[in-house]
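Shown below: final_7.cif, with mmCIF, C-alpha atoms and all ligand atoms.
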data_target
loop_
_atom_site.label_atom_id
_atom_site.label_comp_id
_atom_site.auth_asym_id
_atom_site.auth_seq_id
_atom_site.Cartn_x
_atom_site.Cartn_y
_atom_site.Cartn_z
CA MET A 1 -52.90 -46.70 -34.31
CA LYS A 2 -50.34 -44.66 -36.10
CA THR A 3 -50.91 -46.23 -39.48
CA ILE A 4 -54.53 -45.29 -39.59
CA VAL A 5 -53.73 -41.72 -38.75
CA ILE A 6 -51.28 -41.61 -41.61
CA ALA A 7 -53.80 -43.17 -43.94
CA LYS A 8 -56.35 -40.52 -43.02
CA ARG A 9 -53.89 -37.74 -43.56
CA LEU A 10 -53.31 -39.09 -46.99
CA VAL A 11 -56.82 -38.48 -48.15
CA ALA A 12 -55.30 -35.90 -50.46
CA THR A 13 -53.58 -38.64 -52.39
CA THR A 14 -56.76 -40.63 -52.87
CA ILE A 15 -57.67 -40.36 -56.47
CA MET A 16 -60.09 -41.85 -58.85
CA LEU A 17 -57.95 -43.52 -61.37
CA THR A 18 -59.04 -43.69 -64.90
CA LEU A 19 -58.39 -47.18 -65.92
CA ALA A 20 -55.47 -47.21 -68.30
CA SER A 21 -55.30 -50.17 -70.58
CA CYS A 22 -53.98 -53.11 -68.69
CA GLU A 23 -50.44 -54.12 -69.56
CA THR A 24 -48.42 -57.08 -68.48
CA VAL A 25 -44.97 -56.16 -67.31
CA GLN A 26 -41.83 -57.70 -65.95
CA THR A 27 -40.73 -55.26 -63.28
CA THR A 28 -37.55 -57.13 -62.42
CA GLN A 29 -35.24 -59.78 -63.74
CA GLY A 30 -35.59 -63.08 -61.93
CA GLY A 31 -32.22 -63.31 -60.21
CA VAL A 32 -30.85 -66.53 -58.76
CA VAL A 33 -34.03 -66.77 -56.69
CA GLY A 34 -36.09 -66.88 -59.88
CA VAL A 35 -38.82 -64.38 -59.07
CA ASP A 36 -40.17 -64.01 -62.59
CA ARG A 37 -43.93 -63.63 -62.23
CA GLU A 38 -45.48 -61.30 -64.80
CA GLN A 39 -47.56 -58.51 -63.31
CA ARG A 40 -50.66 -56.84 -64.66
CA MET A 41 -50.53 -53.09 -64.31
CA ALA A 42 -53.40 -50.71 -64.98
CA VAL A 43 -51.95 -47.67 -63.25
CA ALA A 44 -49.14 -45.64 -64.76
CA PRO A 45 -45.86 -45.63 -62.83
CA GLN A 46 -45.93 -41.82 -62.71
CA VAL A 47 -49.13 -41.86 -60.64
CA ILE A 48 -47.50 -44.00 -57.97
CA GLU A 49 -44.22 -42.08 -58.09
CA GLU A 50 -46.00 -38.80 -57.59
CA ALA A 51 -48.11 -40.11 -54.72
CA ALA A 52 -45.03 -41.61 -53.08
CA ARG A 53 -43.14 -38.34 -53.43
CA GLU A 54 -45.99 -36.42 -51.82
CA GLN A 55 -46.38 -38.96 -49.05
CA TYR A 56 -42.67 -39.00 -48.32
CA THR A 57 -42.43 -35.21 -48.20
CA THR A 58 -45.39 -35.02 -45.80
CA LEU A 59 -44.09 -37.79 -43.56
CA MET A 60 -40.59 -36.37 -43.36
CA ALA A 61 -41.90 -32.90 -42.53
CA GLN A 62 -43.96 -34.38 -39.69
CA GLU A 63 -41.06 -36.40 -38.36
CA ARG A 64 -38.77 -33.39 -38.51
CA GLN A 65 -41.31 -31.31 -36.64
CA LYS A 66 -41.63 -33.97 -33.95
CA GLY A 67 -37.85 -34.16 -33.68
CA THR A 68 -37.88 -37.85 -34.54
CA LEU A 69 -35.98 -37.74 -37.82
CA ASN A 70 -32.43 -39.10 -37.84
CA ARG A 71 -31.88 -38.22 -34.22
CA ASN A 72 -29.19 -40.72 -33.35
CA SER A 73 -26.27 -40.23 -35.70
CA ALA A 74 -24.65 -43.57 -34.85
CA GLN A 75 -27.84 -45.40 -35.83
CA VAL A 76 -28.23 -43.31 -38.97
CA GLN A 77 -24.68 -44.07 -40.02
CA ARG A 78 -25.16 -47.75 -39.37
CA VAL A 79 -28.39 -48.00 -41.37
CA ARG A 80 -27.03 -45.90 -44.25
CA ALA A 81 -23.88 -48.00 -44.45
CA ILE A 82 -26.03 -51.08 -44.96
CA ALA A 83 -28.21 -49.29 -47.51
CA ASN A 84 -25.10 -48.24 -49.39
CA ARG A 85 -24.09 -51.86 -49.78
CA LEU A 86 -27.57 -53.08 -50.74
CA ILE A 87 -28.51 -50.40 -53.27
CA PRO A 88 -25.82 -51.21 -55.89
CA GLN A 89 -27.11 -54.81 -55.87
CA THR A 90 -30.53 -53.70 -57.10
CA ALA A 91 -29.06 -53.38 -60.59
CA GLY A 92 -29.09 -57.16 -60.87
CA PHE A 93 -32.88 -57.06 -60.69
CA ARG A 94 -33.53 -53.81 -62.51
CA PRO A 95 -30.73 -51.59 -63.80
CA ASP A 96 -32.89 -48.43 -63.71
CA ALA A 97 -33.00 -48.61 -59.90
CA LEU A 98 -29.45 -47.25 -59.81
CA ARG A 99 -30.86 -43.95 -61.04
CA TRP A 100 -33.50 -43.73 -58.30
CA ALA A 101 -33.15 -40.91 -55.77
CA TRP A 102 -32.50 -43.24 -52.84
CA GLU A 103 -32.69 -41.88 -49.32
CA THR A 104 -32.38 -43.69 -46.01
CA ASN A 105 -33.65 -42.40 -42.69
CA VAL A 106 -34.03 -43.56 -39.13
CA LEU A 107 -37.27 -42.61 -37.37
CA THR A 108 -37.49 -42.58 -33.59
CA SER A 109 -40.57 -44.62 -32.75
CA ALA A 110 -41.49 -47.61 -30.61
CA GLU A 111 -42.98 -49.24 -33.71
CA VAL A 112 -41.25 -52.32 -35.08
CA ASN A 113 -41.32 -51.16 -38.64
CA ALA A 114 -39.42 -50.32 -41.81
CA TRP A 115 -40.43 -49.36 -45.30
CA CYS A 116 -39.11 -48.53 -48.73
CA MET A 117 -41.40 -46.47 -50.91
CA PRO A 118 -41.58 -46.81 -54.66
CA GLY A 119 -38.60 -44.86 -55.98
CA GLY A 120 -36.26 -45.74 -53.10
CA LYS A 121 -37.16 -43.60 -50.08
CA MET A 122 -36.50 -45.74 -47.05
CA ALA A 123 -37.00 -45.61 -43.30
CA VAL A 124 -36.09 -47.88 -40.44
CA TYR A 125 -37.76 -47.33 -37.05
CA THR A 126 -35.73 -47.35 -33.85
CA GLY A 127 -38.30 -49.77 -32.42
CA LEU A 128 -37.15 -52.38 -34.88
CA ILE A 129 -33.46 -51.76 -34.19
CA GLU A 130 -33.80 -51.72 -30.42
CA LYS A 131 -36.57 -54.19 -29.62
CA LEU A 132 -35.17 -56.86 -31.91
CA HIS A 133 -31.53 -56.12 -31.04
CA VAL A 134 -30.86 -56.55 -34.72
CA THR A 135 -27.49 -57.53 -36.09
CA ASP A 136 -26.25 -55.87 -39.29
CA ASP A 137 -27.13 -59.03 -41.18
CA GLU A 138 -30.69 -58.88 -39.86
CA LEU A 139 -30.98 -55.20 -40.71
CA ALA A 140 -29.82 -56.02 -44.22
CA ALA A 141 -32.50 -58.71 -44.37
CA VAL A 142 -35.31 -56.37 -43.43
CA MET A 143 -34.05 -53.58 -45.68
CA GLY A 144 -33.53 -56.00 -48.54
CA HIS A 145 -37.11 -57.18 -48.09
CA GLU A 146 -38.48 -53.63 -48.19
CA ILE A 147 -36.31 -52.67 -51.17
CA ALA A 148 -37.62 -55.75 -52.96
CA HIS A 149 -41.24 -54.53 -52.58
CA ALA A 150 -40.17 -51.29 -54.27
CA LEU A 151 -38.24 -53.03 -57.07
CA ARG A 152 -41.17 -55.34 -57.80
CA GLU A 153 -43.56 -52.32 -57.77
CA HIS A 154 -45.96 -54.13 -55.49
CA ALA A 155 -47.68 -50.85 -54.61
CA ARG A 156 -48.47 -50.19 -58.26
CA GLU A 157 -49.74 -53.72 -58.66
CA ARG A 158 -52.06 -53.32 -55.68
CA ALA A 159 -53.32 -49.98 -56.93
CA SER A 160 -53.89 -51.60 -60.31
CA GLU A 161 -55.91 -54.42 -58.78
CA GLN A 162 -58.07 -51.91 -57.00
CA ALA A 163 -58.55 -49.89 -60.16
CA VAL A 164 -59.54 -52.99 -62.08
CA ALA A 165 -61.96 -53.92 -59.32
CA GLY A 166 -63.57 -50.53 -59.89
CA SER A 167 -62.84 -49.25 -56.42
CA VAL A 168 -62.03 -45.74 -55.42
CA ILE A 169 -58.49 -46.38 -54.56
CA SER A 170 -56.18 -44.78 -52.15
CA VAL A 171 -52.76 -44.76 -53.67
CA GLY A 172 -51.47 -43.78 -50.27
CA ALA A 173 -52.89 -46.92 -48.75
CA ALA A 174 -51.48 -48.98 -51.58
CA ILE A 175 -48.03 -47.62 -50.91
CA LEU A 176 -48.25 -48.03 -47.16
CA GLY A 177 -50.00 -51.35 -47.44
CA VAL A 178 -46.87 -52.87 -48.83
CA GLY A 179 -45.06 -52.40 -45.56
CA ASP A 180 -44.87 -54.84 -42.76
CA LEU A 181 -45.59 -55.07 -39.07
CA GLY A 182 -46.31 -51.42 -38.44
CA GLN A 183 -48.79 -51.04 -41.24
CA LYS A 184 -51.59 -53.36 -40.40
CA GLY A 185 -54.28 -50.72 -40.85
CA ALA A 186 -53.66 -50.17 -44.50
CA GLU A 187 -52.86 -53.82 -44.92
CA PHE A 188 -56.23 -54.92 -43.54
CA ALA A 189 -58.11 -52.33 -45.55
CA TYR A 190 -56.43 -53.69 -48.61
CA MET A 191 -57.05 -57.28 -47.62
CA SER A 192 -60.74 -56.83 -47.12
CA LEU A 193 -60.92 -55.39 -50.59
CA LEU A 194 -58.89 -57.89 -52.47
CA GLY A 195 -58.38 -60.99 -50.43
CA LEU A 196 -55.26 -62.72 -49.40
CA PRO A 197 -53.43 -64.46 -52.20
CA ASN A 198 -51.62 -61.55 -53.79
CA SER A 199 -50.44 -60.13 -50.54
CA ARG A 200 -48.93 -63.46 -49.59
CA ARG A 201 -47.34 -63.67 -53.00
CA HIS A 202 -45.86 -60.20 -52.56
CA GLU A 203 -44.42 -61.12 -49.17
CA THR A 204 -42.85 -64.27 -50.52
CA GLU A 205 -41.36 -62.40 -53.48
CA ALA A 206 -39.98 -59.69 -51.20
CA ASP A 207 -38.46 -62.36 -48.96
CA ARG A 208 -36.76 -64.09 -51.88
CA VAL A 209 -35.51 -61.00 -53.72
CA GLY A 210 -34.47 -59.45 -50.41
CA ILE A 211 -32.42 -62.44 -49.41
CA GLU A 212 -30.52 -62.31 -52.70
CA LEU A 213 -29.85 -58.57 -52.35
CA ALA A 214 -28.45 -59.15 -48.86
CA ALA A 215 -26.29 -62.09 -49.94
CA ARG A 216 -24.86 -60.18 -52.90
CA ALA A 217 -24.06 -57.29 -50.58
CA GLY A 218 -22.09 -59.66 -48.34
CA TYR A 219 -24.68 -60.11 -45.57
CA ASP A 220 -25.45 -63.56 -44.24
CA PRO A 221 -28.77 -64.51 -45.88
CA ARG A 222 -29.64 -66.84 -42.97
CA ALA A 223 -30.20 -63.70 -40.88
CA ALA A 224 -33.63 -63.39 -42.51
CA ILE A 225 -34.66 -66.47 -40.56
CA THR A 226 -33.60 -65.13 -37.17
CA LEU A 227 -35.09 -61.76 -38.05
CA TRP A 228 -38.57 -63.22 -38.57
CA GLN A 229 -38.24 -65.37 -35.50
CA LYS A 230 -37.48 -62.27 -33.45
CA MET A 231 -40.37 -60.40 -35.11
CA ALA A 232 -42.76 -63.12 -34.05
CA GLN A 233 -41.42 -63.04 -30.50
CA VAL A 234 -41.70 -59.31 -29.90
CA SER A 235 -45.06 -58.79 -31.51
CA GLY A 236 -46.80 -61.50 -29.50
CA GLY A 237 -50.57 -61.35 -29.87
CA GLU A 238 -50.38 -58.77 -32.65
CA THR A 239 -48.54 -61.26 -34.75
CA LEU A 240 -51.45 -63.65 -34.77
CA LYS A 241 -53.57 -61.08 -36.54
CA PHE A 242 -50.70 -60.06 -38.75
CA LEU A 243 -49.87 -63.59 -39.72
CA SER A 244 -53.43 -64.27 -40.73
CA THR A 245 -52.83 -62.08 -43.77
CA HIS A 246 -49.34 -63.33 -44.40
CA PRO A 247 -47.62 -66.55 -45.23
CA SER A 248 -47.79 -68.63 -42.08
CA HIS A 249 -44.80 -68.24 -39.85
CA SER A 250 -43.57 -71.78 -40.43
CA GLU A 251 -44.15 -71.55 -44.19
CA ARG A 252 -42.17 -68.35 -44.28
CA LEU A 253 -39.31 -69.77 -42.24
CA SER A 254 -39.04 -72.86 -44.39
CA ASP A 255 -39.09 -70.77 -47.58
CA LEU A 256 -36.40 -68.48 -46.16
CA THR A 257 -34.29 -71.45 -45.14
CA ASP A 258 -34.57 -72.90 -48.62
CA TYR A 259 -33.73 -69.62 -50.38
CA ALA A 260 -30.93 -68.73 -47.97
CA GLN A 261 -29.28 -71.98 -49.05
CA ARG A 262 -29.67 -71.08 -52.71
CA VAL A 263 -27.95 -67.72 -52.31
CA MET A 264 -25.18 -68.92 -49.98
CA PRO A 265 -22.64 -69.09 -52.83
CA LEU A 266 -23.36 -65.42 -53.64
CA TYR A 267 -22.77 -64.54 -50.00
CA GLN A 268 -19.52 -66.50 -49.84
CA GLN A 269 -18.31 -64.91 -53.05
CA ALA A 270 -19.23 -61.40 -51.86
CA LYS A 271 -17.45 -61.94 -48.56
CA LYS A 272 -14.29 -63.04 -50.35
CA SER A 273 -14.20 -59.95 -52.53
CA ARG A 274 -14.80 -57.51 -49.68
ZN ZN A 301 -43.29 -57.16 -46.80
#
Once more with this new file: its structure as C-alpha cells, please.
Ligand SMILES: [Zn+2]
Amino acid sequence: MKTIVIAKRLVATTIMLTLASCETVQTTQGGVVGVDREQRMAVAPQVIEEAAREQYTTLMAQERQKGTLNRNSAQVQRVRAIANRLIPQTAGFRPDALRWAWETNVLTSAEVNAWCMPGGKMAVYTGLIEKLHVTDDELAAVMGHEIAHALREHARERASEQAVAGSVISVGAAILGVGDLGQKGAEFAYMSLLGLPNSRRHETEADRVGIELAARAGYDPRAAITLWQKMAQVSGGETLKFLSTHPSHSERLSDLTDYAQRVMPLYQQAKKSR
C-alpha cells in the first residue's frame, strides 16, 4: 500500500527525540464550535515543521517525477479557489496561520485521500474528487477537516505522546498518521502504539473546526455529512477497518449534523456578504 512505502521512505525523518519538558498549550481558539481542549506537548514545533518541510519536498519531487503533480489545471484551479476562501478563516482559530506558507496541490492518484501538513502544505487526490463526485461544498468540508488537523497541531501532539511513552518515534508517521482514508498504514502503526482515544478525539476536533472553517468561508456545512456518507460508500470493506480506529460512522454523522446546525448562522451570514 502506498502509505507504507511512503512511511519507509521517511526513515530519514525518524529521530530519537530528547524529551523536552512537557508544556500544556492551547493551539487554537475555541471558535463557535468550542474546541478548547488543552494539549500536552513534549516536542518542539520546529522539529515537526522541519520534518514536514522535508517530507513535503520529497513527496512533491516524487510526484513531479511521476508526472502526477497538478496535471489537470481545471481541477487545480477549482481546489485552489476553495483553499483561498478557507485559509483566511483560519485566523479565527489562530492568527499566526495567516503567515504560514500555504500551498495547495492536486495529485493524480486513485486513492481517496487528502492531507494538510503542519505549516499548511495541502494536497487533494484526484481519486477523492472523481470517485466521490464531490461538490465544492464537500471539497471545502474535506479540506477544512485537514486544515483543522494542522491548526490543532495534532501531529505534534501524537509525536509528543510517543516521546512521552519513550518510543523511538517517527515524526514522518506522526505527520502522515493524521491524514484520513489513504493513510491507514501510519494510522494503524500509531494506533497499536497508543490506543484509540486520542485519535478519535483528533478526528472529532478536525470535524468540528473544519465545519466552522467551511461555514465561515461560505460553504454549506451540511456537506460534511454527505461527504462522509460518500466516503463510507466508496471504501466498502476498507471502511470497516478504518472505522474501527475512528469515531463510528453513525456517531460521526450525528456529531456533524449537530455542529452543522450550530454553524449555520455563520454560513448564512457569509453567503450574504459574498
Ligand atoms: Zn482526520
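Minimum atom-to-atom distance to Leu69 in chain A, evaluated using all atoms listed in the file, belongs to A:Tyr125 out of A:Tyr259, A:Trp228, A:Tyr267, A:Tyr125.
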Enclosing box along x, y and z for every listed atom of range 132-140 of chain A, padded 5 Å each side, centre and size in Å, one decimal, as JSON:
{"center_x": -30.7, "center_y": -57.1, "center_z": -37.6, "size_x": 18.9, "size_y": 13.8, "size_z": 23.2}
Closest of A:Ser254, A:Thr226, A:Gln261, A:Gln233 to Ala141 in chain A - atom-to-atom distances counting only C-alpha atoms:
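Among the listed residues, A:Thr226 lies closest to Ala141 in chain A.
For the choices A:Glu103, A:Asp207, A:Glu49, A:Asp136, the atom-to-atom distance to Arg78 in chain A is smallest for A:Asp136 when using all atoms listed in the file.
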List every protein, DNA or RNA residue that has at least one atom no more than 10 Å from (-33.5, -62.7, -57.8) in the file's coordinates, counting only C-alpha atoms, and write the result as a PyMOL selection string.
chain A and resi 28-36+90+92-93+148+205-206+208-213+263
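Taking CA of Val79 in chain A and CA of Ala110 in chain A as the two end points, the separation is 17.0 Å.
Counting only C-alpha atoms and comparing A:Ala123, A:Val164, A:Asp137, A:Ala270, the residue that lies closest to Val76 in chain A is A:Ala123.
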Two-atom distance - CA of Glu161 in chain A, CA of Met41 in chain A (Å)
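Distance between the two atoms: 7.8 Å.
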Long-range neighbours of Leu132 in chain A as JSON, numbers by chain, 8 Å cut-off, only C-alpha atoms, 6 positions minimum in chain
{"A": [227, 230, 231, 234]}
Using all atoms listed in the file, which of A:Thr58, A:Asn113, A:Gln89, A:Gln268 sits nearest ligand ZN 301 (chain A)?
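Using all atoms listed in the file, the shortest distance to ligand ZN 301 (chain A) belongs to A:Asn113.
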Quick one: range 62-73 of chain A from the block, all heavy atoms, as a compact mmCIF listing (two decimals), in the first residue's frame.
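The resulting file, part_33.txt, is shown below:
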# COMPACT_ATOMS: atom_id res chain seq x y z
N GLN A 62 8.81 13.50 -5.92
CA GLN A 62 8.37 12.21 -6.46
C GLN A 62 7.16 12.36 -7.36
O GLN A 62 7.09 11.76 -8.43
CB GLN A 62 8.01 11.25 -5.31
CG GLN A 62 9.23 10.71 -4.59
CD GLN A 62 8.88 10.15 -3.22
OE1 GLN A 62 7.74 10.24 -2.76
NE2 GLN A 62 9.86 9.59 -2.56
N GLU A 63 6.22 13.16 -6.94
CA GLU A 63 5.00 13.35 -7.73
C GLU A 63 5.33 14.03 -9.06
O GLU A 63 4.79 13.67 -10.10
CB GLU A 63 3.97 14.17 -6.96
CG GLU A 63 3.47 13.52 -5.67
CD GLU A 63 2.61 12.28 -5.87
OE1 GLU A 63 2.03 12.12 -6.96
OE2 GLU A 63 2.53 11.44 -4.94
N ARG A 64 6.23 14.98 -8.99
CA ARG A 64 6.63 15.71 -10.20
C ARG A 64 7.29 14.75 -11.19
O ARG A 64 6.99 14.75 -12.37
CB ARG A 64 7.60 16.84 -9.83
CG ARG A 64 7.61 17.98 -10.81
CD ARG A 64 8.41 19.17 -10.29
NE ARG A 64 7.74 19.91 -9.23
CZ ARG A 64 8.21 20.09 -8.00
NH1 ARG A 64 9.39 19.60 -7.66
NH2 ARG A 64 7.54 20.78 -7.12
N GLN A 65 8.14 13.91 -10.64
CA GLN A 65 8.85 12.93 -11.46
C GLN A 65 7.88 11.95 -12.13
O GLN A 65 8.06 11.58 -13.28
CB GLN A 65 9.83 12.17 -10.57
CG GLN A 65 11.00 11.59 -11.30
CD GLN A 65 11.96 10.91 -10.33
OE1 GLN A 65 11.61 10.64 -9.17
NE2 GLN A 65 13.16 10.64 -10.78
N LYS A 66 6.86 11.57 -11.37
CA LYS A 66 5.87 10.63 -11.92
C LYS A 66 4.90 11.31 -12.89
O LYS A 66 4.10 10.67 -13.54
CB LYS A 66 5.03 10.02 -10.78
CG LYS A 66 5.74 8.95 -9.97
CD LYS A 66 4.76 8.24 -9.02
CE LYS A 66 4.27 9.16 -7.92
NZ LYS A 66 3.30 8.53 -6.99
N GLY A 67 4.94 12.64 -12.90
CA GLY A 67 4.01 13.38 -13.75
C GLY A 67 2.61 13.44 -13.18
O GLY A 67 1.62 13.56 -13.90
N THR A 68 2.50 13.33 -11.86
CA THR A 68 1.18 13.29 -11.23
C THR A 68 0.87 14.55 -10.41
O THR A 68 -0.09 14.59 -9.66
CB THR A 68 1.07 12.06 -10.30
OG1 THR A 68 2.23 12.02 -9.46
CG2 THR A 68 0.99 10.77 -11.10
N LEU A 69 1.73 15.56 -10.56
CA LEU A 69 1.54 16.78 -9.77
C LEU A 69 0.79 17.83 -10.58
O LEU A 69 1.26 18.25 -11.64
CB LEU A 69 2.90 17.32 -9.31
CG LEU A 69 2.91 18.63 -8.53
CD1 LEU A 69 2.17 18.49 -7.21
CD2 LEU A 69 4.34 19.10 -8.28
N ASN A 70 -0.34 18.25 -10.08
CA ASN A 70 -1.12 19.34 -10.69
C ASN A 70 -1.26 19.20 -12.20
O ASN A 70 -0.94 20.11 -12.96
CB ASN A 70 -0.46 20.69 -10.35
CG ASN A 70 -0.46 20.93 -8.85
OD1 ASN A 70 -1.38 20.51 -8.13
ND2 ASN A 70 0.57 21.60 -8.35
N ARG A 71 -1.74 18.04 -12.61
CA ARG A 71 -1.77 17.72 -14.03
C ARG A 71 -2.98 18.33 -14.74
O ARG A 71 -2.92 18.71 -15.89
CB ARG A 71 -1.80 16.20 -14.20
CG ARG A 71 -1.17 15.77 -15.48
CD ARG A 71 -0.79 14.32 -15.46
NE ARG A 71 -1.96 13.45 -15.32
CZ ARG A 71 -1.88 12.12 -15.31
NH1 ARG A 71 -0.70 11.54 -15.39
NH2 ARG A 71 -2.96 11.39 -15.20
N ASN A 72 -4.08 18.41 -14.01
CA ASN A 72 -5.31 18.90 -14.63
C ASN A 72 -5.59 20.32 -14.11
O ASN A 72 -5.97 20.51 -12.97
CB ASN A 72 -6.44 17.92 -14.26
CG ASN A 72 -7.79 18.36 -14.77
OD1 ASN A 72 -8.07 19.56 -14.91
ND2 ASN A 72 -8.65 17.39 -15.04
N SER A 73 -5.36 21.29 -14.99
CA SER A 73 -5.38 22.67 -14.49
C SER A 73 -6.76 23.11 -14.02
O SER A 73 -6.89 23.94 -13.12
CB SER A 73 -4.82 23.63 -15.53
OG SER A 73 -5.64 23.61 -16.66
